[in-house]
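**Student:** Handing over run-v6.pdb, PDB, C-alpha atoms.
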MODEL        1
ATOM      1  CA  MET J 241       0.000   0.000   0.000  1.00  0.00           C
ATOM      2  CA  SER J 242       1.442   3.344  -1.048  1.00  0.00           C
ATOM      3  CA  GLN J 243       1.915   6.340   1.251  1.00  0.00           C
ATOM      4  CA  GLN J 244      -0.694   8.237  -0.766  1.00  0.00           C
ATOM      5  CA  GLN J 245      -3.256   5.477  -0.254  1.00  0.00           C
ATOM      6  CA  LYS J 246      -2.619   5.590   3.485  1.00  0.00           C
ATOM      7  CA  GLN J 247      -3.114   9.359   3.462  1.00  0.00           C
ATOM      8  CA  ASN J 248      -6.377   8.956   1.529  1.00  0.00           C
ATOM      9  CA  TRP J 249      -7.572   6.405   4.056  1.00  0.00           C
ATOM     10  CA  PHE J 250      -6.656   8.400   7.139  1.00  0.00           C
ATOM     11  CA  ALA J 251      -8.147  11.554   5.602  1.00  0.00           C
ATOM     12  CA  ARG J 252     -11.539   9.856   5.286  1.00  0.00           C
ATOM     13  CA  HIS J 253     -11.585   7.496   8.253  1.00  0.00           C
ATOM     14  CA  LYS J 254     -12.027   9.561  11.360  1.00  0.00           C
ATOM     15  CA  VAL J 255     -14.900   9.194  13.800  1.00  0.00           C
ATOM     16  CA  LEU J 256     -16.254  10.990  16.827  1.00  0.00           C
ATOM     17  CA  THR J 257     -16.082   9.162  20.131  1.00  0.00           C
ATOM     18  CA  GLY J 258     -18.705   9.660  22.781  1.00  0.00           C
ATOM     19  CA  ALA J 259     -16.482  12.244  24.419  1.00  0.00           C
ATOM     20  CA  GLY J 260     -16.396  14.232  21.169  1.00  0.00           C
ATOM     21  CA  ALA J 261     -12.702  13.762  20.400  1.00  0.00           C
ATOM     22  CA  LEU J 262     -11.541  12.745  16.966  1.00  0.00           C
ATOM     23  CA  VAL J 263      -9.782   9.413  16.771  1.00  0.00           C
ATOM     24  CA  VAL J 264      -8.387   7.586  13.780  1.00  0.00           C
ATOM     25  CA  VAL J 265     -10.720   4.793  12.792  1.00  0.00           C
ATOM     26  CA  ILE J 266      -8.083   2.098  13.218  1.00  0.00           C
ATOM     27  CA  ALA J 267      -5.923   2.269  16.316  1.00  0.00           C
ATOM     28  CA  ILE J 268      -2.372   1.791  15.107  1.00  0.00           C
ATOM     29  CA  GLY J 269      -1.531  -0.574  17.957  1.00  0.00           C
ATOM     30  CA  GLY J 270      -4.241  -3.047  16.969  1.00  0.00           C
ATOM     31  CA  ALA J 271      -5.070  -2.568  13.321  1.00  0.00           C
ATOM     32  CA  LEU J 272      -1.760  -3.452  11.772  1.00  0.00           C
ATOM     33  CA  ALA J 273      -1.420  -6.532  13.892  1.00  0.00           C
ATOM     34  CA  GLY J 274      -4.981  -7.715  13.362  1.00  0.00           C
ATOM     35  CA  GLY J 275      -5.679  -6.626   9.784  1.00  0.00           C
ATOM     36  CA  GLY J 276      -5.241  -9.970   8.048  1.00  0.00           C
ATOM     37  CA  GLY J 277      -6.717 -10.781   4.653  1.00  0.00           C
ATOM     38  CA  ASP J 278      -8.946 -13.485   3.205  1.00  0.00           C
ATOM     39  CA  ASP J 279      -6.149 -16.005   3.658  1.00  0.00           C
ATOM     40  CA  ASP J 280      -6.090 -15.330   7.399  1.00  0.00           C
ATOM     41  CA  LYS J 281      -6.084 -18.658   9.205  1.00  0.00           C
ATOM     42  CA  ASP J 282      -8.211 -17.326  12.035  1.00  0.00           C
ATOM     43  CA  LYS J 283     -11.119 -19.603  12.864  1.00  0.00           C
ATOM     44  CA  SER J 284     -13.527 -16.775  12.023  1.00  0.00           C
ATOM     45  CA  LYS J 285     -12.569 -16.685   8.363  1.00  0.00           C
ATOM     46  CA  ASP J 286     -15.866 -15.588   6.842  1.00  0.00           C
ATOM     47  CA  THR J 287     -17.822 -18.276   8.654  1.00  0.00           C
ATOM     48  CA  VAL J 288     -21.573 -18.040   8.670  1.00  0.00           C
ATOM     49  CA  ALA J 289     -22.814 -16.877  12.045  1.00  0.00           C
ATOM     50  CA  GLN J 290     -25.681 -19.037  13.184  1.00  0.00           C
ATOM     51  CA  GLY J 291     -29.173 -18.038  14.216  1.00  0.00           C
ATOM     52  CA  ALA J 292     -29.769 -15.080  11.912  1.00  0.00           C
ATOM     53  CA  THR J 293     -32.615 -16.499   9.856  1.00  0.00           C
ATOM     54  CA  SER J 294     -33.827 -19.708  11.421  1.00  0.00           C
ATOM     55  CA  GLY J 295     -37.369 -20.329  10.260  1.00  0.00           C
ATOM     56  CA  GLY J 296     -39.781 -23.178  10.770  1.00  0.00           C
ATOM     57  CA  GLY J 297     -42.932 -24.148   8.958  1.00  0.00           C
ATOM     58  CA  SER J 298     -43.682 -26.747   6.350  1.00  0.00           C
ATOM     59  CA  LYS J 299     -44.677 -24.429   3.525  1.00  0.00           C
ATOM     60  CA  SER J 300     -42.273 -22.302   1.537  1.00  0.00           C
ATOM     61  CA  ASP J 301     -44.396 -19.179   1.939  1.00  0.00           C
ATOM     62  CA  ASP J 302     -44.455 -19.685   5.719  1.00  0.00           C
ATOM     63  CA  LYS J 303     -40.668 -19.958   5.712  1.00  0.00           C
ATOM     64  CA  ALA J 304     -40.332 -16.785   3.658  1.00  0.00           C
ATOM     65  CA  GLU J 305     -42.635 -14.891   6.007  1.00  0.00           C
ATOM     66  CA  LYS J 306     -40.723 -16.038   9.066  1.00  0.00           C
ATOM     67  CA  ALA J 307     -37.409 -15.165   7.433  1.00  0.00           C
ATOM     68  CA  ASP J 308     -38.684 -11.655   6.765  1.00  0.00           C
ATOM     69  CA  LYS J 309     -39.613 -11.304  10.440  1.00  0.00           C
ATOM     70  CA  ALA J 310     -36.440 -12.910  11.804  1.00  0.00           C
ATOM     71  CA  GLU J 311     -34.489 -10.872  14.285  1.00  0.00           C
ATOM     72  CA  PRO J 312     -30.996  -9.822  13.154  1.00  0.00           C
ATOM     73  CA  ALA J 313     -28.071 -11.777  14.551  1.00  0.00           C
ATOM     74  CA  ILE J 314     -26.794  -8.636  16.308  1.00  0.00           C
ATOM     75  CA  GLY J 315     -28.857  -5.682  17.458  1.00  0.00           C
ATOM     76  CA  GLY J 316     -28.137  -2.224  16.160  1.00  0.00           C
ATOM     77  CA  ASP J 317     -27.406  -0.861  19.630  1.00  0.00           C
ATOM     78  CA  GLY J 318     -25.293  -2.412  22.317  1.00  0.00           C
ATOM     79  CA  THR J 319     -21.930  -3.811  23.388  1.00  0.00           C
ATOM     80  CA  PHE J 320     -21.540  -7.521  22.686  1.00  0.00           C
ATOM     81  CA  GLN J 321     -18.987 -10.039  23.919  1.00  0.00           C
ATOM     82  CA  VAL J 322     -17.566 -12.127  21.100  1.00  0.00           C
ATOM     83  CA  GLY J 323     -18.135 -15.817  21.674  1.00  0.00           C
ATOM     84  CA  SER J 324     -21.041 -15.476  24.104  1.00  0.00           C
ATOM     85  CA  ASP J 325     -23.243 -12.656  22.769  1.00  0.00           C
ATOM     86  CA  VAL J 326     -22.129 -12.810  19.154  1.00  0.00           C
ATOM     87  CA  LYS J 327     -20.368 -15.476  17.121  1.00  0.00           C
ATOM     88  CA  PRO J 328     -17.392 -14.742  14.873  1.00  0.00           C
ATOM     89  CA  GLY J 329     -18.340 -14.239  11.244  1.00  0.00           C
ATOM     90  CA  THR J 330     -19.235 -11.602   8.673  1.00  0.00           C
ATOM     91  CA  TYR J 331     -22.261  -9.381   9.226  1.00  0.00           C
ATOM     92  CA  MET J 332     -24.152  -6.769   7.222  1.00  0.00           C
ATOM     93  CA  SER J 333     -26.188  -3.723   8.264  1.00  0.00           C
ATOM     94  CA  THR J 334     -28.197  -2.008   5.521  1.00  0.00           C
ATOM     95  CA  ASP J 335     -29.947   1.279   4.785  1.00  0.00           C
ATOM     96  CA  ASN J 336     -28.330   3.427   7.462  1.00  0.00           C
ATOM     97  CA  THR J 337     -29.410   6.814   6.168  1.00  0.00           C
ATOM     98  CA  ASP J 338     -28.620   9.384   8.860  1.00  0.00           C
ATOM     99  CA  GLY J 339     -24.878   8.844   9.229  1.00  0.00           C
ATOM    100  CA  MET J 340     -25.265   8.035  12.927  1.00  0.00           C
ATOM    101  CA  CYS J 341     -24.455   4.319  12.683  1.00  0.00           C
ATOM    102  CA  TYR J 342     -21.175   3.557  14.473  1.00  0.00           C
ATOM    103  CA  TRP J 343     -19.546   0.150  14.996  1.00  0.00           C
ATOM    104  CA  GLU J 344     -16.388  -0.950  16.738  1.00  0.00           C
ATOM    105  CA  ARG J 345     -14.254  -4.085  17.083  1.00  0.00           C
ATOM    106  CA  ALA J 346     -12.138  -4.110  20.224  1.00  0.00           C
ATOM    107  CA  LYS J 347      -9.514  -6.365  21.789  1.00  0.00           C
ATOM    108  CA  ASP J 348     -10.791  -5.740  25.327  1.00  0.00           C
ATOM    109  CA  SER J 349     -13.558  -3.967  27.215  1.00  0.00           C
ATOM    110  CA  SER J 350     -11.464  -1.155  28.694  1.00  0.00           C
ATOM    111  CA  GLY J 351     -13.018   1.437  26.398  1.00  0.00           C
ATOM    112  CA  GLU J 352      -9.629   2.993  25.799  1.00  0.00           C
ATOM    113  CA  THR J 353      -8.380   4.035  22.377  1.00  0.00           C
ATOM    114  CA  ASP J 354      -5.628   1.420  22.459  1.00  0.00           C
ATOM    115  CA  SER J 355      -8.246  -1.320  22.679  1.00  0.00           C
ATOM    116  CA  LEU J 356      -9.652  -0.451  19.234  1.00  0.00           C
ATOM    117  CA  ILE J 357      -9.017  -2.888  16.418  1.00  0.00           C
ATOM    118  CA  ALA J 358     -11.283  -1.213  13.846  1.00  0.00           C
ATOM    119  CA  ASN J 359     -14.300   1.076  13.723  1.00  0.00           C
ATOM    120  CA  ASP J 360     -16.337   3.178  11.317  1.00  0.00           C
ATOM    121  CA  ASN J 361     -19.179   5.652  10.980  1.00  0.00           C
ATOM    122  CA  VAL J 362     -21.593   4.224   8.396  1.00  0.00           C
ATOM    123  CA  MET J 363     -23.681   5.853   5.718  1.00  0.00           C
ATOM    124  CA  GLY J 364     -25.715   3.335   3.748  1.00  0.00           C
ATOM    125  CA  ASN J 365     -24.591  -0.297   3.924  1.00  0.00           C
ATOM    126  CA  ALA J 366     -21.811  -1.835   5.983  1.00  0.00           C
ATOM    127  CA  TYR J 367     -20.085  -5.185   6.252  1.00  0.00           C
ATOM    128  CA  VAL J 368     -17.788  -6.183   9.092  1.00  0.00           C
ATOM    129  CA  THR J 369     -15.984  -9.428   9.889  1.00  0.00           C
ATOM    130  CA  ILE J 370     -15.696 -10.220  13.587  1.00  0.00           C
ATOM    131  CA  LYS J 371     -12.762 -12.513  14.354  1.00  0.00           C
ATOM    132  CA  ALA J 372     -12.661 -15.183  17.028  1.00  0.00           C
ATOM    133  CA  SER J 373      -9.764 -13.290  18.626  1.00  0.00           C
ATOM    134  CA  ASP J 374     -11.890 -10.130  19.023  1.00  0.00           C
ATOM    135  CA  LYS J 375     -13.334  -9.589  22.498  1.00  0.00           C
ATOM    136  CA  ILE J 376     -15.945  -6.861  21.963  1.00  0.00           C
ATOM    137  CA  PHE J 377     -18.235  -5.726  19.164  1.00  0.00           C
ATOM    138  CA  LYS J 378     -20.039  -2.443  19.712  1.00  0.00           C
ATOM    139  CA  SER J 379     -22.841  -0.988  17.588  1.00  0.00           C
ATOM    140  CA  ASN J 380     -24.669   2.311  18.091  1.00  0.00           C
ATOM    141  CA  GLY J 381     -27.422   3.836  15.960  1.00  0.00           C
ATOM    142  CA  CYS J 382     -27.239   1.102  13.318  1.00  0.00           C
ATOM    143  CA  HIS J 383     -29.871  -1.098  11.791  1.00  0.00           C
ATOM    144  CA  GLY J 384     -29.527  -4.674  13.002  1.00  0.00           C
ATOM    145  CA  TRP J 385     -26.649  -6.796  11.760  1.00  0.00           C
ATOM    146  CA  ALA J 386     -27.518  -9.918   9.755  1.00  0.00           C
ATOM    147  CA  ALA J 387     -25.094 -12.790   9.218  1.00  0.00           C
ATOM    148  CA  VAL J 388     -23.968 -13.334   5.631  1.00  0.00           C
ATOM    149  CA  PRO J 389     -22.656 -16.531   3.976  1.00  0.00           C
ATOM    150  CA  ALA J 390     -18.993 -17.078   3.294  1.00  0.00           C
ATOM    151  CA  LYS J 391     -19.539 -17.190  -0.468  1.00  0.00           C
ATOM    152  CA  ALA J 392     -20.943 -14.103  -2.177  1.00  0.00           C
ATOM    153  CA  SER J 393     -24.135 -14.733  -4.114  1.00  0.00           C
ATOM    154  CA  GLY J 394     -27.016 -12.715  -5.457  1.00  0.00           C
ATOM    155  CA  THR J 395     -27.830 -10.480  -8.400  1.00  0.00           C
ATOM    156  CA  PRO J 396     -24.985  -7.953  -8.525  1.00  0.00           C
ATOM    157  CA  LYS J 397     -25.809  -4.536  -9.969  1.00  0.00           C
ATOM    158  CA  SER J 398     -24.004  -2.549 -12.644  1.00  0.00           C
ATOM    159  CA  GLU J 399     -24.958   0.812 -11.072  1.00  0.00           C
ATOM    160  CA  VAL J 400     -24.754   1.688  -7.377  1.00  0.00           C
ATOM    161  CA  ASP J 401     -25.428   4.675  -5.144  1.00  0.00           C
ATOM    162  CA  GLY J 402     -22.256   6.742  -4.796  1.00  0.00           C
ATOM    163  CA  ASN J 403     -23.127   7.432  -1.162  1.00  0.00           C
ATOM    164  CA  GLY J 404     -24.319   3.912  -0.471  1.00  0.00           C
ATOM    165  CA  GLY J 405     -21.462   2.717   1.697  1.00  0.00           C
ATOM    166  CA  MET J 406     -20.082  -0.782   1.237  1.00  0.00           C
ATOM    167  CA  TYR J 407     -20.899  -3.287  -1.492  1.00  0.00           C
ATOM    168  CA  ARG J 408     -19.883  -6.932  -1.678  1.00  0.00           C
ATOM    169  CA  ILE J 409     -18.400  -7.988  -5.006  1.00  0.00           C
ATOM    170  CA  GLY J 410     -20.473 -10.682  -6.672  1.00  0.00           C
ATOM    171  CA  ALA J 411     -23.443 -10.077  -4.398  1.00  0.00           C
ATOM    172  CA  ASP J 412     -24.204  -6.333  -4.511  1.00  0.00           C
ATOM    173  CA  ILE J 413     -22.027  -5.077  -7.362  1.00  0.00           C
ATOM    174  CA  ALA J 414     -20.561  -6.785 -10.425  1.00  0.00           C
ATOM    175  CA  PRO J 415     -16.859  -6.631 -11.285  1.00  0.00           C
ATOM    176  CA  GLY J 416     -15.887  -4.225 -14.066  1.00  0.00           C
ATOM    177  CA  THR J 417     -14.885  -0.632 -14.757  1.00  0.00           C
ATOM    178  CA  TYR J 418     -17.135   2.033 -13.252  1.00  0.00           C
ATOM    179  CA  LYS J 419     -17.395   5.786 -13.710  1.00  0.00           C
ATOM    180  CA  SER J 420     -18.776   8.487 -11.412  1.00  0.00           C
ATOM    181  CA  THR J 421     -19.224  11.904 -13.031  1.00  0.00           C
ATOM    182  CA  GLY J 422     -19.868  15.413 -11.774  1.00  0.00           C
ATOM    183  CA  ASN J 423     -18.359  15.111  -8.309  1.00  0.00           C
ATOM    184  CA  ALA J 424     -17.540  18.345  -6.496  1.00  0.00           C
ATOM    185  CA  ASN J 425     -13.999  19.669  -6.740  1.00  0.00           C
ATOM    186  CA  ASP J 426     -13.360  19.396  -2.990  1.00  0.00           C
ATOM    187  CA  ALA J 427     -12.418  15.685  -3.010  1.00  0.00           C
ATOM    188  CA  THR J 428     -15.330  14.698  -0.743  1.00  0.00           C
ATOM    189  CA  CYS J 429     -15.970  11.668  -2.965  1.00  0.00           C
ATOM    190  CA  TYR J 430     -14.060   8.666  -1.599  1.00  0.00           C
ATOM    191  CA  TRP J 431     -13.859   5.129  -2.981  1.00  0.00           C
ATOM    192  CA  GLU J 432     -12.055   2.068  -1.726  1.00  0.00           C
ATOM    193  CA  ARG J 433     -11.407  -1.441  -3.025  1.00  0.00           C
ATOM    194  CA  SER J 434     -10.786  -3.891  -0.204  1.00  0.00           C
ATOM    195  CA  LYS J 435      -9.981  -7.570   0.036  1.00  0.00           C
ATOM    196  CA  ASP J 436     -11.995  -8.281   3.190  1.00  0.00           C
ATOM    197  CA  ALA J 437     -14.314  -6.724   5.772  1.00  0.00           C
ATOM    198  CA  LEU J 438     -11.792  -6.476   8.603  1.00  0.00           C
ATOM    199  CA  HIS J 439     -11.317  -2.731   7.939  1.00  0.00           C
ATOM    200  CA  GLY J 440      -7.606  -2.675   8.654  1.00  0.00           C
ATOM    201  CA  ILE J 441      -5.136  -0.683   6.600  1.00  0.00           C
ATOM    202  CA  ASP J 442      -3.888  -3.967   5.174  1.00  0.00           C
ATOM    203  CA  SER J 443      -7.417  -4.702   3.936  1.00  0.00           C
ATOM    204  CA  ILE J 444      -7.171  -1.924   1.349  1.00  0.00           C
ATOM    205  CA  ILE J 445      -6.254  -2.826  -2.213  1.00  0.00           C
ATOM    206  CA  ALA J 446      -6.633   0.725  -3.556  1.00  0.00           C
ATOM    207  CA  ASN J 447      -8.469   3.954  -2.724  1.00  0.00           C
ATOM    208  CA  GLU J 448      -8.832   7.547  -3.872  1.00  0.00           C
ATOM    209  CA  ASN J 449     -10.331  10.913  -2.976  1.00  0.00           C
ATOM    210  CA  VAL J 450     -12.043  12.099  -6.147  1.00  0.00           C
ATOM    211  CA  SER J 451     -12.604  15.566  -7.599  1.00  0.00           C
ATOM    212  CA  GLY J 452     -14.688  15.745 -10.774  1.00  0.00           C
ATOM    213  CA  ASN J 453     -14.920  12.423 -12.583  1.00  0.00           C
ATOM    214  CA  GLY J 454     -13.830   9.162 -11.008  1.00  0.00           C
ATOM    215  CA  VAL J 455     -13.014   5.874 -12.727  1.00  0.00           C
ATOM    216  CA  VAL J 456     -12.257   2.601 -10.954  1.00  0.00           C
ATOM    217  CA  THR J 457     -11.882  -0.999 -12.094  1.00  0.00           C
ATOM    218  CA  ILE J 458     -13.253  -3.501  -9.608  1.00  0.00           C
ATOM    219  CA  ALA J 459     -11.665  -6.932 -10.020  1.00  0.00           C
ATOM    220  CA  ALA J 460     -13.540 -10.203  -9.639  1.00  0.00           C
ATOM    221  CA  GLY J 461     -11.127 -11.145  -6.876  1.00  0.00           C
ATOM    222  CA  ASP J 462     -11.899  -8.038  -4.795  1.00  0.00           C
ATOM    223  CA  GLY J 463     -13.945  -8.521  -1.666  1.00  0.00           C
ATOM    224  CA  TYR J 464     -15.729  -5.181  -1.267  1.00  0.00           C
ATOM    225  CA  PHE J 465     -16.167  -1.733  -2.794  1.00  0.00           C
ATOM    226  CA  LYS J 466     -16.805   1.249  -0.517  1.00  0.00           C
ATOM    227  CA  THR J 467     -18.082   4.613  -1.737  1.00  0.00           C
ATOM    228  CA  ASN J 468     -19.078   7.753   0.175  1.00  0.00           C
ATOM    229  CA  GLY J 469     -19.920  11.269  -0.977  1.00  0.00           C
ATOM    230  CA  CYS J 470     -19.807  10.353  -4.674  1.00  0.00           C
ATOM    231  CA  LYS J 471     -22.224  10.537  -7.562  1.00  0.00           C
ATOM    232  CA  ASN J 472     -23.597   7.190  -8.654  1.00  0.00           C
ATOM    233  CA  TRP J 473     -21.166   4.687 -10.136  1.00  0.00           C
ATOM    234  CA  LYS J 474     -22.160   3.192 -13.524  1.00  0.00           C
ATOM    235  CA  LYS J 475     -20.426   0.280 -15.182  1.00  0.00           C
ATOM    236  CA  THR J 476     -18.819   1.201 -18.501  1.00  0.00           C
ATOM    237  CA  SER J 477     -17.117  -2.078 -19.379  1.00  0.00           C
TER     238      SER J 477
ENDMDL
END
Using the file provided, produce a representation of the structure as structure tokens.
**Tutor:**
Amino acid sequence: MSQQQKQNWFARHKVLTGAGALVVVIAIGGALAGGGGDDDKDKSKDTVAQGATSGGGSKSDDKAEKADKAEPAIGGDGTFQVGSDVKPGTYMSTDNTDGMCYWERAKDSSGETDSLIANDNVMGNAYVTIKASDKIFKSNGCHGWAAVPAKASGTPKSEVDGNGGMYRIGADIAPGTYKSTGNANDATCYWERSKDALHGIDSIIANENVSGNGVVTIAAGDGYFKTNGCKNWKKTS
């Protein structure tokens, strides 16, 4: 990862703590040590967390109705102990529209900055992978977190909201070259290609702060595409 990419990342990833002080989203002491990739041998490697959509019933329509009403695997507000309150795995929170959704992975429950592994303020959609070695997962002001399968599947789109947050490659967005036009000239448009949902600096494949038009090629092997403050991205090839 280049020095410029690190600067782009740090320029965008700052959050407000409850005390009102700005802190970098990833605490240096924990992020670099815990920011492994998809080949991480941790037991939590994109496992499916259980209990998100268990539904009974003998008819398919009954199952669909119960799935729609199923409680999320993790609530949108609260502090959860990994292993007892929440299982390791990858989770998704969608349609956070007010910018007040905040999540945090921590290595202990001290509440100190040094305990942070990763965190983010979310606009739109978010994915996060909780590792078995994590101790705490905190979520405030978010929609509930649903467990997602290890393998991406779905009907990926060729156009996405430029302020929509995080998209999973192969599930939410298709690989290819995308263009976003007419962005303001103050570089408030930010995009990021990442290999996993751990949100460490080492997770980043590439990123950029965009003024005017932006063009990015998303590879089939990428894990996620994040976009905030941009005009919509449309696939060109």
**Student:** Name the residues that the PyMOL selection byres ((chain J and resi 362) around 12) pulls out of this structure, and write them as an MDAnalysis selection string.
**Tutor:** chainID J and resid 252:255 265 332:344 359:361 363:368 379:383 403:406 466:469
**Student:** Can I get the selected residues back with C-alpha atoms, as a PDB file, in the coordinates of the input?
**Tutor:**
ATOM      1  CA  ARG J 252     -11.539   9.856   5.286  1.00  0.00           C
ATOM      2  CA  HIS J 253     -11.585   7.496   8.253  1.00  0.00           C
ATOM      3  CA  LYS J 254     -12.027   9.561  11.360  1.00  0.00           C
ATOM      4  CA  VAL J 255     -14.900   9.194  13.800  1.00  0.00           C
ATOM      5  CA  VAL J 265     -10.720   4.793  12.792  1.00  0.00           C
ATOM      6  CA  MET J 332     -24.152  -6.769   7.222  1.00  0.00           C
ATOM      7  CA  SER J 333     -26.188  -3.723   8.264  1.00  0.00           C
ATOM      8  CA  THR J 334     -28.197  -2.008   5.521  1.00  0.00           C
ATOM      9  CA  ASP J 335     -29.947   1.279   4.785  1.00  0.00           C
ATOM     10  CA  ASN J 336     -28.330   3.427   7.462  1.00  0.00           C
ATOM     11  CA  THR J 337     -29.410   6.814   6.168  1.00  0.00           C
ATOM     12  CA  ASP J 338     -28.620   9.384   8.860  1.00  0.00           C
ATOM     13  CA  GLY J 339     -24.878   8.844   9.229  1.00  0.00           C
ATOM     14  CA  MET J 340     -25.265   8.035  12.927  1.00  0.00           C
ATOM     15  CA  CYS J 341     -24.455   4.319  12.683  1.00  0.00           C
ATOM     16  CA  TYR J 342     -21.175   3.557  14.473  1.00  0.00           C
ATOM     17  CA  TRP J 343     -19.546   0.150  14.996  1.00  0.00           C
ATOM     18  CA  GLU J 344     -16.388  -0.950  16.738  1.00  0.00           C
ATOM     19  CA  ASN J 359     -14.300   1.076  13.723  1.00  0.00           C
ATOM     20  CA  ASP J 360     -16.337   3.178  11.317  1.00  0.00           C
ATOM     21  CA  ASN J 361     -19.179   5.652  10.980  1.00  0.00           C
ATOM     22  CA  MET J 363     -23.681   5.853   5.718  1.00  0.00           C
ATOM     23  CA  GLY J 364     -25.715   3.335   3.748  1.00  0.00           C
ATOM     24  CA  ASN J 365     -24.591  -0.297   3.924  1.00  0.00           C
ATOM     25  CA  ALA J 366     -21.811  -1.835   5.983  1.00  0.00           C
ATOM     26  CA  TYR J 367     -20.085  -5.185   6.252  1.00  0.00           C
ATOM     27  CA  VAL J 368     -17.788  -6.183   9.092  1.00  0.00           C
ATOM     28  CA  SER J 379     -22.841  -0.988  17.588  1.00  0.00           C
ATOM     29  CA  ASN J 380     -24.669   2.311  18.091  1.00  0.00           C
ATOM     30  CA  GLY J 381     -27.422   3.836  15.960  1.00  0.00           C
ATOM     31  CA  CYS J 382     -27.239   1.102  13.318  1.00  0.00           C
ATOM     32  CA  HIS J 383     -29.871  -1.098  11.791  1.00  0.00           C
ATOM     33  CA  ASN J 403     -23.127   7.432  -1.162  1.00  0.00           C
ATOM     34  CA  GLY J 404     -24.319   3.912  -0.471  1.00  0.00           C
ATOM     35  CA  GLY J 405     -21.462   2.717   1.697  1.00  0.00           C
ATOM     36  CA  MET J 406     -20.082  -0.782   1.237  1.00  0.00           C
ATOM     37  CA  LYS J 466     -16.805   1.249  -0.517  1.00  0.00           C
ATOM     38  CA  THR J 467     -18.082   4.613  -1.737  1.00  0.00           C
ATOM     39  CA  ASN J 468     -19.078   7.753   0.175  1.00  0.00           C
ATOM     40  CA  GLY J 469     -19.920  11.269  -0.977  1.00  0.00           C
TER      41      GLY J 469
END
**Student:** What does the structure give for the distance between atom CA of J:Leu438 and atom CA of J:Thr369, in Å to one decimal?
**Tutor:** 5.3 Å
**Student:** Written as a PyMOL selection string, what is the full residue list that the PyMOL selection byres ((chain J and resi 348) around 10) yields on the file shown?
**Tutor:** chain J and resi 321+345-347+349-352+354-357+374-377
**Student:** Between J:Lys397, J:Gly440, J:Lys471, J:Gly463, which residue has the minimum interatomic distance to J:Ser420, considering only C-alpha atoms?
**Tutor:**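 Checking each candidate against J:Ser420, we get J:Lys471 as the closest.
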**Student:** Here's a test: counting only C-alpha atoms, identify every protein, DNA and RNA residue with an atom at most 12 Å from (-18.0, 7.6, -6.3) in the file's coordinate frame, and state them as a PyMOL selection string.
**Tutor:** chain J and resi 399-406+418-424+427-433+447-456+465-475
**Student:** Give me the result of the PyMOL selection byres ((chain J and resi 370) around 6) on this file, residue by residue, as a PyMOL selection string.
**Tutor:** chain J and resi 328-329+369+371
**Student:** For the selection just defined, write its residues with C-alpha atoms to a file, as a PDB file, in the coordinates of the input.
**Tutor:**
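To be explicit, this is the file written out as part-v6.pdb:
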ATOM      1  CA  PRO J 328     -17.392 -14.742  14.873  1.00  0.00           C
ATOM      2  CA  GLY J 329     -18.340 -14.239  11.244  1.00  0.00           C
ATOM      3  CA  THR J 369     -15.984  -9.428   9.889  1.00  0.00           C
ATOM      4  CA  LYS J 371     -12.762 -12.513  14.354  1.00  0.00           C
TER       5      LYS J 371
END
**Student:** Nearest residue to J:Thr319 out of J:Ser398, J:Asp412, J:Ser373, J:Lys378, using all atoms listed in the file?
**Tutor:**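 That would be J:Lys378, the residue with the smallest distance to J:Thr319.
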**Student:** Tell me which of J:Thr395, J:Gly384, J:Tyr464, J:Gly323 sits closest to J:His439, counting only C-alpha atoms.
**Tutor:**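 Among the listed residues, the smallest separation from J:His439 belongs to J:Tyr464.
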**Student:** Expressed in Å to a single decimal, how great is the separation between atom CA of J:Ile441 and atom CA of J:Gly394?
**Tutor:**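 Separation between atom CA of J:Ile441 and atom CA of J:Gly394: 27.7 Å.
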**Student:** Kindly compute an axis-aligned box around the listed atoms of stretch 321-325 of chain J, allowing 4 Å on each side, and express its centre and edge lengths in Å to one decimal as lines of an AutoDock Vina configuration file.
**Tutor:**
center_x = -20.4
center_y = -12.9
center_z = 22.6
size_x = 13.7
size_y = 13.8
size_z = 11.0
**Student:** What is the atom CA of J:Thr330 to atom CA of J:Trp385 distance in Å?
**Tutor:**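 Atom CA of J:Thr330 sits 9.4 Å away from atom CA of J:Trp385.
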**Student:** Kindly indicate which residue among J:Ile409, J:Ala392, J:Val326, J:Ala446 lies nearest to J:Asp462, using all atoms listed in the file for the distances.
**Tutor:**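 Ranking J:Ile409, J:Ala392, J:Val326, J:Ala446 by distance to J:Asp462, first place goes to J:Ile409.
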